[in-house]
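Data first, discussion second: the structure below is written as C-alpha cells.
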Amino acid sequence: GRHKIISNRRMNTEDLHVALQQSFSPDASLRDPAEKLIKGLKYVAGASLMLVQIAAEKQVQFEVRQAAAIHLKNLCKECWAERMSFMEVTLSSNNGSQMVLLSDTDKEQVKVALLEALLAEPEKSIQDLMAETLHHIAIHDFPDRWPSLLPTLLQNIQETDSSQALRIHNSLVALRKVCKRYEYKAREERGPLNMVVDQFFPLLLPLAQRLIHPNEHSLEAAMTLKQILKIFWSSTQFFLPSSAANATALSLTHPQTMQPWFIILEKALSKPLPEASTGLEPLNQPQSKEERESWPWWKVKKWAAQIMVRLFSRYGIPAFVEDEGQVFAEYFSKHAAPQFLGPVCDTLNLRPNGQYCTDRVLHLCLSFVDHAIELAATYKMLKPHLDFLLYKVCFPTICLSQDDIELFDNDPHEFIHMQTSPLTDFFDPRISATSVVNNLVQHRGQDTINGLMGFLNGILQNYNNGSQNHIEKDGALQIIGALSEILFKKKRYAPQIEPLLVTYVFPDFRSPISFLRSRACCIVQQFDFVEWTDGSNLNNLIQLVLQSLSDSALPVQIEASKALRSLIKAEGAEQTLLPVLPQILKEYFRIMNEIGNDEVVSALQTIIDQFGDHIEPHALALVNQLATAFSSYCIAGQDDDESSMAAMQCLECITTVLKGVCERPDIYKGIQPQLLPIVKQILGNDGEYIEYLENALDILTYLTFFQEDLSAEMWETFPLIYTAFDQWAFDYLYLMVPAIENFIGKSTQTFLGGFALLPSGRVKYIDLVFSMVKKTLTEKRSSESEIRKGLSLYMTVLHNCRGQVDNYLPVINDEILGNLNTEAVNTRIAIFKILGSALYYNPKLQLDELERRGATKNIFTQWIQDYESMETWLSRKITVLGFSSILLLPTSSLPPAVQSGLPQLIEILTKIMERMQEDAQKVPEEEDNNEEVDNDIEDDVRGFGEDEDVRTAEDDAYLNAFSNVRDDIARFLIGDEWGDEDDDDDDYISPIDDIDTLEFYAGSLKSALDREPMIHSILAPEVVSSYQRLVVAASGEKQENDGMR
C-alpha cells in the first residue's frame, strides 16, 4: 500500500538545510546519514515546500541551493502523479509497492512558491532546474488544476518597470515550458496552446519590437528576445495556431498577423554584432568559439534563422502544403521567403568579408538557401550571386579548417567521433554547404555544373602542377565525391570519372598528407559504381586500399576498411582479394581493437557475406574475435553510443557468419560455446542489454534452426526468453517466436517433459509458452499482429505434439474463442488456423470442446463466412486439413450443427482445394534478378528553369503515397494496425509441411464416401464433379511422385 507520510515536526527547513550541506561532506559519518535523510524526503509532509524555500534563499550557499533544486525536481517528477507507461499502464515503485504521492496541500503550496521562486531567480542553472520542475508539474496540472499559472505570467509580462526585467524574462522561461507541453501534440490536442497564443502573443509582439530596436543592445534584451523566439518556435513549428473561439484577433495563419513577426525575424538576423575591439554596441562580444556560440545575441540570430528555415520547409512550396495552409503558403512563398533571403545572404557574407559567424547560424542560413534554390521566386534572386555562393561561401565552408587538421593528426579518435556523430547533419555547416552545391547542380544544372567542374578541375590541375594547397584539393575532392551520382548520369562527365580517379586520386594514397590519404579512401566509396574499363586500374586500386588498412593514421585505416567494402563486388576483385583473405580479416580485427566503429564492423560483415563460400575455415576464429570485440564494446557502450553501435554490429556480423556456415552443423557445435554466454547475458540481467536483444534472438534462432539436436546448455536459454518477455521485453514477442518454435520442433520431448526453475518454483516449459500466449491475448497494449504472433505458438504446439497435449485443448479453446468476435479479419483467420490445427490434431476431442461450450454452429458459420478472406497458402491448407479430418469421423458421431451443415462444409472444403490447385499450377513469374542500377546517361544537365519551382518525380511519388497512407498513419498513431497486412505464413515451418494437402483431402473424402455412400446423395452435382477432378489430379501427382523416388 501507499507509504504513510510522516509528520513534518520531525524535520524543519533548518534540519533539511544542514542535511543538504552535509551531503557534500568528505566525512562518510556525516554524508551517509544526510543522504539517507534526503532519500526519505518523499515520506515527509511539507518537504517539497522546504526544498523550494532553500533553493530560493539567496543567502544559502550556491551548491546547497542547487542541490535543493535538483532534489525538488526529482521529488516532483517521482511523486506528483502516478507514473504511467507509454501504453497507459500504472507503474509501481522500484520495490514493487504503490507509489508515494504528494498531498494536494503540498502540491498547491509548491506551485505557488515554485513559480514565485522561478520569477525571482537570477542564477541560470537554478533557473533551469526550477523551470524543468514547473514543466513537469504543468504536464499533469495545466490547465485544469493550475488556473492561476497563465494569469500570473501574464501579469508579470505586462510589467513596464525596467527594474522588473528579470521577472519578465523568467516569466517567458516559464511560458516556454508551458508551450513545450503542447509542441508535439496533434492539432486537435493543442487547445491550451492556442489559448496561450491568443492571450500572450499580443503582448509578446510589442515587447519583441521594442527589444529588436536598433538602439537596444543589452544582454538582458537579447536573453528576453531569445525566450520570445523560443516561445514562437514551440507554438508554430508543427502547426500554425488557430485562434480560440472567443478570440477577436486574427490567428497566425493570417498573413497580416504574421508579417510583423517576419519583420522581427528579419531584424534579428540582420543586427550587426561587431567585435569587442571596435568598442561598438553590443559591447564585449566574446573571443572564444564556445563563448560566442552561447552569447545571447548569437543565440537570438540562431533562433531567428531556425524559425525561418522551419517556415520555409513547411510552407515554401505551396504545392506541397495541405489545403488549410494554402493561403499562408502562397503569401510566404511570394513575400516572406524573398524578404528573408536578404538578411540570410548578408549573414553568409560575414565570413568572406573577414567577420565572424557561428557555425550554427551559418548552417541554418545555408539550409535556408538550400530551400530557396527550389522556389522560383527566391532562385531568381540567388541566380546573379551563384559564383559568390559557390566559391566564396560553400567551397571555403566545405574545406577542412586548421582545427580539423590538428584534430585529425593529434586526436584521431575524437576526429572520427565528430565525423560519425549523428548530430553532425543537424549542426555542421559543411553538411549544409555540400547540400546546397548538390541541390544547385541537380536542379539548376544549366547555371552551375560547367562552371563548377571547371573550378574544381582547375584546383586539381594546379595541385598536380605544384601548388601544394592540400586543403583546397581536399575540398575539391569532397565536392566531386558528393556529386558522384549526378556526374555518373551526365553524358559529358561520366567518361571522365575513371581518368579523374587515376590522375588525381590514386597518387593521394601515397601522399605524405594524411588527410589526403583518408580522402582518397572516401572517394573510392563514393564512386563504387564505376565500371572499370582498364582492369589494371582496379587491381592497382585494390592494392592501394589494402595497403591503407595498415596506414599510420587511424582515420585512414577506418576509411580504407569502408572502401574495401565498396570494391569487393567489382568484377575481378574476388580473385585479387581471396588469396589474402586471412590477412584482411586480421587487419579488420586490429582496427576494431583500436576503436569501436560500427561502419568498420559493417564493412567486415560485407566481406564475410561476399566470401560466404570461403568463410568456413575462418568461422570459428571469426566468431571468437567478434564475441571478444562485442564484450569489449559492450562495456564501453554503457557510456559511449559509438561503442554500443559497434557492439550491435558485431552481433549482426556473427549472424552473417552463422548464415554462411548454416549447412555445417559441426561448425555450429564449435561456435555455440562462444555464443551462448552472450545470448544469456543479453536475455538475463533484467533488460540491462535490451539494445542488443534483437541480435541475440536472431543468433539464437540460427543456433536452434540449423542444429538437429539442441543441447542442455541451449535449453538454458529457454526460460530466459520467457522471463525477458514477462518482465521487460513484451514488445519483442515477434522475434522470440521463431526461436521458441525451433525449440518445440527440434526437441519436442524435452519441451513436453522439461521444467524451468523460476522464483515461483518449477514450471513446465509448455506452461511457460501458454503463459506467454495468454499474456499477449489479455494485455491491452498488444497489437493485432502481436496477438496473431502469440496465437501461432498454439498452432506450433498442436502440429509438433500430436497426440501428446490432449489436456491442453480446453485451455486453447478457452483462450481463443473469446477473441473470435474481433473485427480484425486476419486475427479471426489466425484463430481458424488454430481451430483447423486442433481438428487435425484430434477431430473428436476438438468437436467435443466446441459442443461443450455451445459454440459449434457459430464457429463454423463464421469460418465459412471468412474463408474467402483466406489469402495465404497456410490458412487454406490448415482449413483443408481441419475440415477433411472431420470427414474421418462417422457422421452419426458429429454434432448436430456439423451434420446438418455437412454438404456446405464439403462444398467449401472442395472450393478451397480447387483454389489451392489453381494457385499451385500457376507458372510463377520469374523475378528479375538482373536489376541494374539506374545509370541511364543523360544529355540534359539543365534541371529546372529559373521560373519553375523544383518538383521531382520523387516529390510527386511522396505526395501520392502520403495521401494514400494518411488514414493508415492516423490509425497507426492511435494504436491500430499499420496496413493490417498478412502475417509471415511463408516462413512458418512445421510437420504439416510434409502432408500432401490434395492427397489428404481426396483420401478423407473418399474414406467418408466409402464408409457412408449416402453422403454422395447430399452433395450438389458440381461439388461431386469438382471432387472427381481433384481425385484424378491427386492420383496423377501420386504417380509422378512415386516415379521420382
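In the C-alpha cells, each chain is lettered A, B, ... as it comes, each chain's residues begin at 1, and ligands are numbered from 1 in order of appearance.
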Checklist entry - So which residues touch Arg314 in chain A within 12 Å, counting only C-alpha atoms, skipping near sequence neighbours fewer than 6 positions away, as a list in words? => result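 Here the qualifying residues turn out to be Thr236, Gln237, Phe238, Phe239, Leu240, Ile307, Met308, Phe320, Val321, Glu322, Gly325, Gln326, Phe328, Ala329, Glu330, Phe332, Ser333, Ala337, Phe368 and His371 of chain A.
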Item to check | Long-range neighbours of Met736 in chain A as an MDAnalysis selection string, 12 Å cut-off, only C-alpha atoms, 4 positions minimum in chain | outcome: chainID A and resid 683 693:701 704 717:726 729:732 740:743 769 772:773 786 789:790 792:793
How would the residues just chosen look if you wrote them out with N, CA, C and O atoms as a short mmCIF file (atom, residue, chain, number, x, y, z; two decimals), in the first residue's frame?
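Final file, result-v9.cif:
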```
data_model
loop_
_atom_site.label_atom_id
_atom_site.label_comp_id
_atom_site.auth_asym_id
_atom_site.auth_seq_id
_atom_site.Cartn_x
_atom_site.Cartn_y
_atom_site.Cartn_z
N LEU A 683 19.79 -11.86 -22.60
CA LEU A 683 18.44 -12.25 -22.18
C LEU A 683 18.24 -12.09 -20.68
O LEU A 683 17.12 -11.87 -20.22
N LEU A 693 19.00 -7.05 -27.77
CA LEU A 693 18.12 -8.21 -27.68
C LEU A 693 17.73 -8.75 -29.06
O LEU A 693 17.69 -9.96 -29.28
N GLU A 694 17.44 -7.86 -29.98
CA GLU A 694 17.04 -8.31 -31.32
C GLU A 694 18.14 -9.18 -31.94
O GLU A 694 17.87 -10.24 -32.51
N ASN A 695 19.39 -8.74 -31.80
CA ASN A 695 20.51 -9.51 -32.37
C ASN A 695 20.68 -10.85 -31.66
O ASN A 695 20.95 -11.87 -32.30
N ALA A 696 20.52 -10.84 -30.33
CA ALA A 696 20.67 -12.09 -29.57
C ALA A 696 19.62 -13.11 -29.99
O ALA A 696 19.92 -14.31 -30.13
N LEU A 697 18.40 -12.64 -30.20
CA LEU A 697 17.33 -13.56 -30.62
C LEU A 697 17.57 -14.08 -32.04
O LEU A 697 17.25 -15.23 -32.34
N ASP A 698 18.12 -13.24 -32.90
CA ASP A 698 18.48 -13.70 -34.24
C ASP A 698 19.52 -14.83 -34.16
O ASP A 698 19.41 -15.85 -34.85
N ILE A 699 20.54 -14.62 -33.33
CA ILE A 699 21.59 -15.64 -33.17
C ILE A 699 20.99 -16.93 -32.63
O ILE A 699 21.28 -18.03 -33.12
N LEU A 700 20.12 -16.80 -31.63
CA LEU A 700 19.50 -17.98 -31.03
C LEU A 700 18.63 -18.71 -32.06
O LEU A 700 18.58 -19.96 -32.08
N THR A 701 17.97 -17.96 -32.92
CA THR A 701 17.14 -18.58 -33.97
C THR A 701 18.00 -19.40 -34.92
O THR A 701 17.64 -20.52 -35.29
N THR A 704 19.27 -22.63 -33.11
CA THR A 704 18.23 -23.65 -32.87
C THR A 704 17.65 -24.20 -34.17
O THR A 704 17.13 -25.32 -34.18
N THR A 717 18.63 -21.32 -22.23
CA THR A 717 18.15 -20.01 -22.69
C THR A 717 16.63 -19.93 -22.76
O THR A 717 16.07 -18.84 -22.80
N PHE A 718 15.96 -21.08 -22.78
CA PHE A 718 14.50 -21.09 -22.99
C PHE A 718 13.75 -20.35 -21.88
O PHE A 718 12.93 -19.46 -22.17
N PRO A 719 14.03 -20.67 -20.60
CA PRO A 719 13.33 -19.90 -19.56
C PRO A 719 13.72 -18.43 -19.53
O PRO A 719 12.94 -17.58 -19.09
N LEU A 720 14.94 -18.11 -20.03
CA LEU A 720 15.36 -16.71 -20.07
C LEU A 720 14.50 -15.92 -21.06
O LEU A 720 14.20 -14.74 -20.83
N ILE A 721 14.11 -16.57 -22.17
CA ILE A 721 13.22 -15.91 -23.12
C ILE A 721 11.91 -15.57 -22.43
O ILE A 721 11.39 -14.46 -22.54
N TYR A 722 11.37 -16.55 -21.69
CA TYR A 722 10.10 -16.32 -21.01
C TYR A 722 10.22 -15.17 -20.00
O TYR A 722 9.37 -14.26 -19.97
N THR A 723 11.26 -15.19 -19.19
CA THR A 723 11.43 -14.16 -18.15
C THR A 723 11.58 -12.79 -18.78
O THR A 723 11.00 -11.80 -18.31
N ALA A 724 12.36 -12.71 -19.86
CA ALA A 724 12.53 -11.42 -20.56
C ALA A 724 11.19 -10.92 -21.07
O ALA A 724 10.82 -9.76 -20.85
N PHE A 725 10.43 -11.80 -21.72
CA PHE A 725 9.11 -11.41 -22.23
C PHE A 725 8.20 -10.96 -21.10
O PHE A 725 7.53 -9.93 -21.19
N ASP A 726 8.20 -11.69 -20.02
CA ASP A 726 7.27 -11.44 -18.93
C ASP A 726 7.60 -10.14 -18.19
O ASP A 726 6.70 -9.44 -17.74
N ALA A 729 10.55 -7.35 -21.86
CA ALA A 729 10.70 -7.36 -23.32
C ALA A 729 9.43 -7.81 -24.01
O ALA A 729 9.46 -8.51 -25.03
N PHE A 730 8.29 -7.39 -23.49
CA PHE A 730 7.00 -7.80 -24.07
C PHE A 730 6.92 -7.47 -25.57
O PHE A 730 6.38 -8.22 -26.36
N ASP A 731 7.49 -6.32 -25.95
CA ASP A 731 7.39 -5.86 -27.33
C ASP A 731 8.26 -6.65 -28.30
O ASP A 731 8.23 -6.38 -29.51
N TYR A 732 9.04 -7.60 -27.80
CA TYR A 732 9.93 -8.38 -28.66
C TYR A 732 9.38 -9.77 -28.98
O TYR A 732 10.10 -10.62 -29.48
N ILE A 740 11.44 -20.00 -30.22
CA ILE A 740 10.58 -20.90 -29.45
C ILE A 740 10.05 -22.02 -30.33
O ILE A 740 10.02 -23.19 -29.94
N GLU A 741 9.64 -21.67 -31.55
CA GLU A 741 9.15 -22.70 -32.48
C GLU A 741 10.23 -23.72 -32.79
O GLU A 741 9.95 -24.92 -32.91
N ASN A 742 11.48 -23.25 -32.90
CA ASN A 742 12.58 -24.19 -33.15
C ASN A 742 12.78 -25.13 -31.97
O ASN A 742 13.00 -26.33 -32.15
N PHE A 743 12.73 -24.60 -30.75
CA PHE A 743 12.85 -25.44 -29.56
C PHE A 743 11.76 -26.52 -29.57
O PHE A 743 12.04 -27.70 -29.32
N VAL A 769 5.16 -21.34 -22.31
CA VAL A 769 4.69 -20.89 -23.62
C VAL A 769 3.21 -20.50 -23.54
O VAL A 769 2.80 -19.45 -24.06
N MET A 772 2.87 -17.15 -22.00
CA MET A 772 3.21 -16.06 -22.92
C MET A 772 2.05 -15.73 -23.84
O MET A 772 1.73 -14.56 -24.08
N VAL A 773 1.40 -16.78 -24.36
CA VAL A 773 0.26 -16.54 -25.26
C VAL A 773 -0.87 -15.85 -24.50
O VAL A 773 -1.46 -14.88 -25.00
N GLU A 786 0.64 -8.70 -32.96
CA GLU A 786 1.27 -9.39 -31.83
C GLU A 786 0.37 -10.51 -31.33
O GLU A 786 0.85 -11.59 -30.97
N LYS A 789 0.77 -13.34 -33.66
CA LYS A 789 2.07 -14.00 -33.49
C LYS A 789 2.04 -14.90 -32.26
O LYS A 789 2.57 -16.02 -32.28
N GLY A 790 1.43 -14.41 -31.18
CA GLY A 790 1.32 -15.24 -29.99
C GLY A 790 0.48 -16.47 -30.25
O GLY A 790 0.83 -17.60 -29.85
N SER A 792 0.16 -18.10 -32.89
CA SER A 792 0.85 -19.08 -33.73
C SER A 792 1.59 -20.12 -32.89
O SER A 792 1.85 -21.24 -33.36
N LEU A 793 1.90 -19.78 -31.63
CA LEU A 793 2.56 -20.76 -30.76
C LEU A 793 1.62 -21.92 -30.42
O LEU A 793 2.06 -23.07 -30.29
#
```
Next on the checklist: List the spatial neighbours of Gln109 in chain A as number ranges by chain - criterion: any atom at most 10 Å away, only C-alpha atoms, same-chain residues fewer than 3 positions off excluded.
Outcome noted: A: 46, 48-49, 52, 104-106, 112-114
Only C-alpha atoms, please: the residues just picked out, written as a PDB file, in the first residue's frame.
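Contents of result39.pdb, as written:
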```pdb
ATOM      1  CA  GLY A  46       5.944  19.591   3.522  1.00  0.00           C
ATOM      2  CA  SER A  48       8.784  19.745  -1.195  1.00  0.00           C
ATOM      3  CA  LEU A  49       7.939  23.251   0.058  1.00  0.00           C
ATOM      4  CA  VAL A  52      11.662  25.336  -2.727  1.00  0.00           C
ATOM      5  CA  ASP A 104      -2.915  18.078  -2.551  1.00  0.00           C
ATOM      6  CA  THR A 105      -1.924  20.633   0.110  1.00  0.00           C
ATOM      7  CA  ASP A 106       1.773  20.165  -0.643  1.00  0.00           C
ATOM      8  CA  VAL A 112       2.678  28.979  -5.709  1.00  0.00           C
ATOM      9  CA  ALA A 113       6.145  29.004  -4.105  1.00  0.00           C
ATOM     10  CA  LEU A 114       7.957  27.496  -7.090  1.00  0.00           C
TER      11      LEU A 114
END
```
Item to check | Pairwise distance for CA of Glu574 in chain A and CA of Ile558 in chain A, rounded to one decimal in Å | outcome: 21.1 Å
Within 8 Å of range 422-429 of chain A using only C-alpha atoms, minus same-chain residues under 4 positions, as a short mmCIF file (atom, residue, chain, number, x, y, z; two decimals) with N, CA and C atoms, in the first residue's frame:
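Resulting contents of selection08.cif:
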```cif
data_model
loop_
_atom_site.label_atom_id
_atom_site.label_comp_id
_atom_site.auth_asym_id
_atom_site.auth_seq_id
_atom_site.Cartn_x
_atom_site.Cartn_y
_atom_site.Cartn_z
N ASP A 359 29.06 28.70 -36.32
CA ASP A 359 28.78 27.55 -37.19
C ASP A 359 27.29 27.28 -37.28
N ARG A 360 26.60 27.42 -36.16
CA ARG A 360 25.17 27.08 -36.13
C ARG A 360 24.37 28.03 -37.01
N LEU A 362 25.55 29.85 -39.50
CA LEU A 362 25.95 29.58 -40.89
C LEU A 362 25.21 28.36 -41.43
N HIS A 363 25.16 27.30 -40.63
CA HIS A 363 24.46 26.07 -41.03
C HIS A 363 23.00 26.35 -41.37
N LEU A 364 22.33 27.13 -40.52
CA LEU A 364 20.91 27.41 -40.72
C LEU A 364 20.70 28.30 -41.95
N LEU A 366 22.61 28.46 -44.61
CA LEU A 366 22.81 27.61 -45.79
C LEU A 366 21.61 26.69 -46.01
N THR A 397 33.61 26.77 -46.82
CA THR A 397 32.94 26.10 -45.69
C THR A 397 33.21 24.59 -45.73
N ILE A 398 33.21 24.03 -46.95
CA ILE A 398 33.43 22.58 -47.09
C ILE A 398 34.87 22.19 -46.78
N MET A 418 33.68 12.86 -34.31
CA MET A 418 32.97 14.00 -34.88
C MET A 418 32.44 13.68 -36.28
N ALA A 433 26.44 23.11 -46.59
CA ALA A 433 27.09 23.69 -47.78
C ALA A 433 27.16 22.65 -48.90
#
```
Item to check | CA of Thr503 in chain A to CA of Val393 in chain A, distance in Å rounded to a single decimal | outcome: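 About the pair CA of Thr503 in chain A and CA of Val393 in chain A: they are 27.6 Å apart.
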Checklist outcome for this item: CA of Glu815 in chain A sits from CA of Lys774 in chain A at a separation of 7.0 Å
For Ala305 in chain A: contacts at 7 Å, only C-alpha atoms, fewer than 2 positions along chain excluded, given as a compact mmCIF listing (two decimals) with C-alpha atoms, in the first residue's frame:
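Below is the file result-v5.txt, written as the result:
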```
# COMPACT_ATOMS: atom_id res chain seq x y z
CA LEU A 269 19.19 38.13 -38.21
CA LYS A 301 20.21 35.01 -34.55
CA LYS A 302 20.20 31.23 -34.26
CA TRP A 303 16.54 31.11 -33.22
CA ILE A 307 12.32 29.68 -37.44
CA MET A 308 12.91 30.98 -40.97
CA VAL A 309 14.18 27.58 -42.12
CA VAL A 361 23.93 30.30 -37.73
CA LEU A 364 20.91 27.41 -40.72
CA CYS A 365 21.43 30.14 -43.33
```
Surrounding residues of Gln707 in chain A excluding itself and chain neighbours under 3 positions, 9 Å, only C-alpha atoms, as a JSON list (two decimals) with C-alpha atoms, in the first residue's frame:
```
[["chain", "number", "residue", "atom", "x", "y", "z"],
["A", 662, "CYS", "CA", 24.45, -22.87, -41.90],
["A", 664, "ARG", "CA", 27.70, -27.20, -41.40],
["A", 665, "PRO", "CA", 26.13, -28.17, -38.04],
["A", 666, "ASP", "CA", 29.54, -29.46, -36.97],
["A", 668, "TYR", "CA", 27.79, -24.70, -35.23],
["A", 669, "LYS", "CA", 28.71, -27.11, -32.45],
["A", 702, "TYR", "CA", 20.07, -19.61, -36.18],
["A", 703, "LEU", "CA", 21.54, -21.89, -33.50],
["A", 704, "THR", "CA", 18.23, -23.65, -32.87],
["A", 710, "LEU", "CA", 19.61, -28.98, -29.03],
["A", 746, "LYS", "CA", 13.60, -29.79, -32.72]]
```
